[in-house]
Amino acid sequence: MTIAQDDTRTTADAGTVTTMTMAGALNRALADALAADPDVIVFGEDVGALGGVFRITDGLTARFGEDRCFDTPLAESGIVGTAVGMAMNGLRPVVEMQFDAFALPAFEQVVSHVAKLGNRTRGGIRMPLVIRIPFGGGIGGVEHHCDSSEAYYAHTPGLTVVSPSTPQDAYSLLRAAIASPDPVIFLEPKKLYWSKGEVDTAVTAELGTARIAREGTDVTLLAYGASVPLALEAAEVAAAEGRSVQVVDVRSLSPFDDAIVTAAVTSTGRAVVIAEAPGHVSVASEIQARVFERCFEYLEAPVRRVTGFDTPYAPPKLEHWYLPDVDRVLDAIDTLHWEDA
């Protein structure tokens with residue numbers, strides 16, 4: 001059964017509470033945005049009749065027509081360039097990059113135009129543009145299909161960069177991204193597309209905010225995207241060993257929610273940052289640095305990182321060695337000077 005057939009649609013204003021997959025939540029968010037605003041346009045490679053590689057756009061062309069959700073040539077730079085022109089002229093394009101590394105041919109457009117037009121024109125031209133990018137590993141894909149390229153975008157001033165970890169956030173953050181007057185890079189952890197959770201379509205999210213995913217008093221795990229369920233799993237195991245572990249879903253990589261993260265780490269005095277991307281010059285590095293700068297006098301131990309390795313992404317049979325796992329997170333927790341507690 002397709003996502004579109006599974007989806008129980010009502011108007012966004014009424015609000016419904018439904019258990020759905022993250023893929024279904026994203027599909028619902030796109031459908032509700034298309035229904036609510038005639039300026040919203042969805043396009044990309046195979047997003048029309050096929051419904052996208054991961055079926056996120058399933059049923060949208062049939063419901064809204066080819067003028068609102070349509071296929072493009074296999075030319076990512078052209079896709080983003082077209083979206084820039086649309087956004088400059090009042091539309092709200094939502095484009096899909098088929099896989100994470102497939103977005104790289106459009107990177108010059110993103111950095112030189114999408115991110116800078118607002119600043120270059122002193123706000124005279126805004127970019128209400130969303131670029132959806134499936135990212136990360138865990139699906140047994142090969143290189144170019146499992147990249148974690150978030151640092152490139154988070155390093156670029158002018159871009160908002162977010163990544164959901166739950167179906168609820170997938171829905172609420174995507175609706176907020178489409179409503180934003182400025183460009184948003186929306187990173188979708190493909191490993192979580194078929195994870196399930198309750199979604200209330202009346203719940204809104206504010207871009208630029210983190211959330212407390214689990215309360216705890218001994219140590220704070222900081223994660224985003226597919227690393228959040230891993231952090232929660234590690235917290236459960238640690239709880240059985242007598243340690244109270246707090247989990248923060250960073251979810252907004254840029255802008256970064258220093259207030260929630262700082263308060264969380266200050267409350268426990270210990271922190272571990274978890275991310276799939278290689279650790280060198282990474283988002284995890286930035287989070288670690290911000291925590292050191294803002295929480296130093298409260299820290300009982302150095303801030304640790306658990307990341308992917310500084311190598312090209314591993315082939316499918318070896319990716320479980322590359323990706324962070326519960327044992328690596330627990331090992332990092334064990335190094336946090338517990339003998340001084």
# chains A, B, ... in the order shown; residues from 1 in each chain; ligands from 1
call {"tool": "residues_around", "arguments": {"residues": "region 196-207 of chain A", "least_positions_apart": "2", "cutoff": "8 Å", "atoms": "only C-alpha atoms", "output": "short mmCIF file (atom, residue, chain, number, x, y, z; two decimals) with N, CA, C and O atoms, in the first residue's frame"}}
result
data_model
loop_
_atom_site.label_atom_id
_atom_site.label_comp_id
_atom_site.auth_asym_id
_atom_site.auth_seq_id
_atom_site.Cartn_x
_atom_site.Cartn_y
_atom_site.Cartn_z
N ALA A 12 -5.16 21.20 7.29
CA ALA A 12 -4.12 21.37 8.30
C ALA A 12 -4.65 22.10 9.52
O ALA A 12 -4.20 21.88 10.64
N ASP A 13 -5.63 23.01 9.34
CA ASP A 13 -6.12 23.80 10.45
C ASP A 13 -6.86 22.94 11.47
O ASP A 13 -6.86 23.22 12.66
N ALA A 14 -7.54 21.89 10.99
CA ALA A 14 -8.34 21.07 11.89
C ALA A 14 -7.46 20.26 12.82
O ALA A 14 -7.75 20.12 14.00
N GLY A 15 -6.36 19.74 12.29
CA GLY A 15 -5.46 18.94 13.11
C GLY A 15 -5.96 17.52 13.28
O GLY A 15 -7.14 17.29 13.55
N THR A 16 -5.09 16.57 13.08
CA THR A 16 -5.40 15.17 13.34
C THR A 16 -4.22 14.55 14.10
O THR A 16 -3.09 15.02 14.00
N VAL A 17 -4.50 13.51 14.85
CA VAL A 17 -3.46 12.76 15.55
C VAL A 17 -3.46 11.35 14.98
O VAL A 17 -4.46 10.64 15.10
N THR A 18 -2.37 10.97 14.34
CA THR A 18 -2.28 9.71 13.64
C THR A 18 -0.91 9.09 13.84
O THR A 18 0.08 9.81 13.91
N THR A 19 -0.84 7.78 13.93
CA THR A 19 0.44 7.10 13.93
C THR A 19 0.87 6.88 12.49
O THR A 19 0.12 6.32 11.68
N MET A 20 2.06 7.36 12.17
CA MET A 20 2.55 7.22 10.80
C MET A 20 4.06 7.12 10.80
O MET A 20 4.72 7.38 11.80
N THR A 21 4.60 6.71 9.66
CA THR A 21 6.04 6.67 9.50
C THR A 21 6.57 8.08 9.27
O THR A 21 5.81 9.01 8.97
N MET A 22 7.90 8.24 9.38
CA MET A 22 8.47 9.53 9.05
C MET A 22 8.22 9.86 7.59
O MET A 22 7.94 11.02 7.24
N ALA A 25 4.80 11.14 7.36
CA ALA A 25 4.68 12.46 7.95
C ALA A 25 5.19 13.54 7.00
O ALA A 25 4.59 14.62 6.88
N THR A 160 19.40 28.10 6.83
CA THR A 160 18.91 27.39 8.00
C THR A 160 19.03 25.90 7.70
O THR A 160 18.66 25.45 6.60
N VAL A 162 18.22 22.05 9.24
CA VAL A 162 17.53 21.28 10.27
C VAL A 162 17.47 19.82 9.87
O VAL A 162 17.56 19.47 8.69
N THR A 166 12.07 12.38 14.50
CA THR A 166 10.79 11.72 14.78
C THR A 166 9.79 12.08 13.70
O THR A 166 9.93 13.12 13.04
N PRO A 167 8.76 11.26 13.49
CA PRO A 167 7.71 11.65 12.55
C PRO A 167 7.06 12.98 12.90
O PRO A 167 6.74 13.77 12.01
N GLN A 168 6.86 13.26 14.21
CA GLN A 168 6.26 14.54 14.58
C GLN A 168 7.11 15.71 14.13
O GLN A 168 6.61 16.67 13.53
N ASP A 169 8.40 15.65 14.40
CA ASP A 169 9.28 16.74 13.97
C ASP A 169 9.39 16.79 12.45
O ASP A 169 9.55 17.87 11.88
N TYR A 171 7.05 16.25 10.34
CA TYR A 171 5.88 17.01 9.89
C TYR A 171 6.01 18.48 10.27
O TYR A 171 5.92 19.37 9.41
N SER A 172 6.22 18.75 11.55
CA SER A 172 6.17 20.13 12.03
C SER A 172 7.32 20.98 11.50
O SER A 172 7.13 22.14 11.13
N LEU A 173 8.53 20.41 11.46
CA LEU A 173 9.67 21.17 10.96
C LEU A 173 9.56 21.44 9.46
O LEU A 173 9.95 22.52 8.99
N ARG A 175 6.74 21.78 7.74
CA ARG A 175 5.75 22.86 7.57
C ARG A 175 6.38 24.21 7.91
O ARG A 175 6.16 25.21 7.22
N ALA A 176 7.18 24.25 8.98
CA ALA A 176 7.83 25.51 9.36
C ALA A 176 8.86 25.93 8.31
O ALA A 176 9.00 27.13 8.01
N ALA A 177 9.58 24.97 7.74
CA ALA A 177 10.56 25.29 6.72
C ALA A 177 9.90 25.89 5.48
O ALA A 177 10.39 26.87 4.91
N TRP A 194 11.19 4.83 7.79
CA TRP A 194 10.12 3.88 8.10
C TRP A 194 9.94 3.70 9.60
O TRP A 194 9.20 2.82 10.03
N THR A 209 15.43 25.67 17.11
CA THR A 209 15.28 25.22 18.50
C THR A 209 15.65 23.75 18.63
O THR A 209 15.38 22.93 17.74
N SER A 252 18.29 21.48 15.08
CA SER A 252 18.63 22.67 14.29
C SER A 252 20.14 22.85 14.34
O SER A 252 20.70 23.20 15.38
#
call {"tool": "closest_atom_pairs", "arguments": {"of": "region 159-271 of chain A", "to": "region 124-133 of chain A", "cutoff": "7 Å", "atoms": "only C-alpha atoms", "output": "Markdown table"}}
result
| residue | atom | partner | partner_atom | distance |
| --- | --- | --- | --- | --- |
| A:Ala177 | CA | A:Val130 | CA | 6.6 |
| A:Ile178 | CA | A:Val130 | CA | 6.2 |
| A:Ser180 | CA | A:Pro128 | CA | 5.9 |
| A:Pro181 | CA | A:Pro128 | CA | 4.4 |
| A:Asp182 | CA | A:Pro128 | CA | 4.7 |
| A:Pro183 | CA | A:Leu129 | CA | 4.7 |
| A:Val184 | CA | A:Val130 | CA | 4.9 |
| A:Ile185 | CA | A:Ile131 | CA | 5.0 |
| A:Phe186 | CA | A:Arg132 | CA | 4.7 |
| A:Leu187 | CA | A:Ile133 | CA | 4.9 |
| A:Glu188 | CA | A:Ile133 | CA | 5.9 |
call {"tool": "atom_distance", "arguments": {"atom1": "CA of Phe70 (chain A)", "atom2": "CA of Ala115 (chain A)"}}
result
24.4 Å
call {"tool": "residues_around", "arguments": {"residues": "region 71-76 of chain A", "least_positions_apart": "3", "cutoff": "10 Å", "atoms": "only C-alpha atoms", "output": "PyMOL selection string"}}
result
chain A and resi 42-52+61+66+79-82+95-98+102-107+109
call {"tool": "atom_distance", "arguments": {"atom1": "CA of Arg290 (chain A)", "atom2": "CA of Ala226 (chain A)"}}
result
21.5 Å
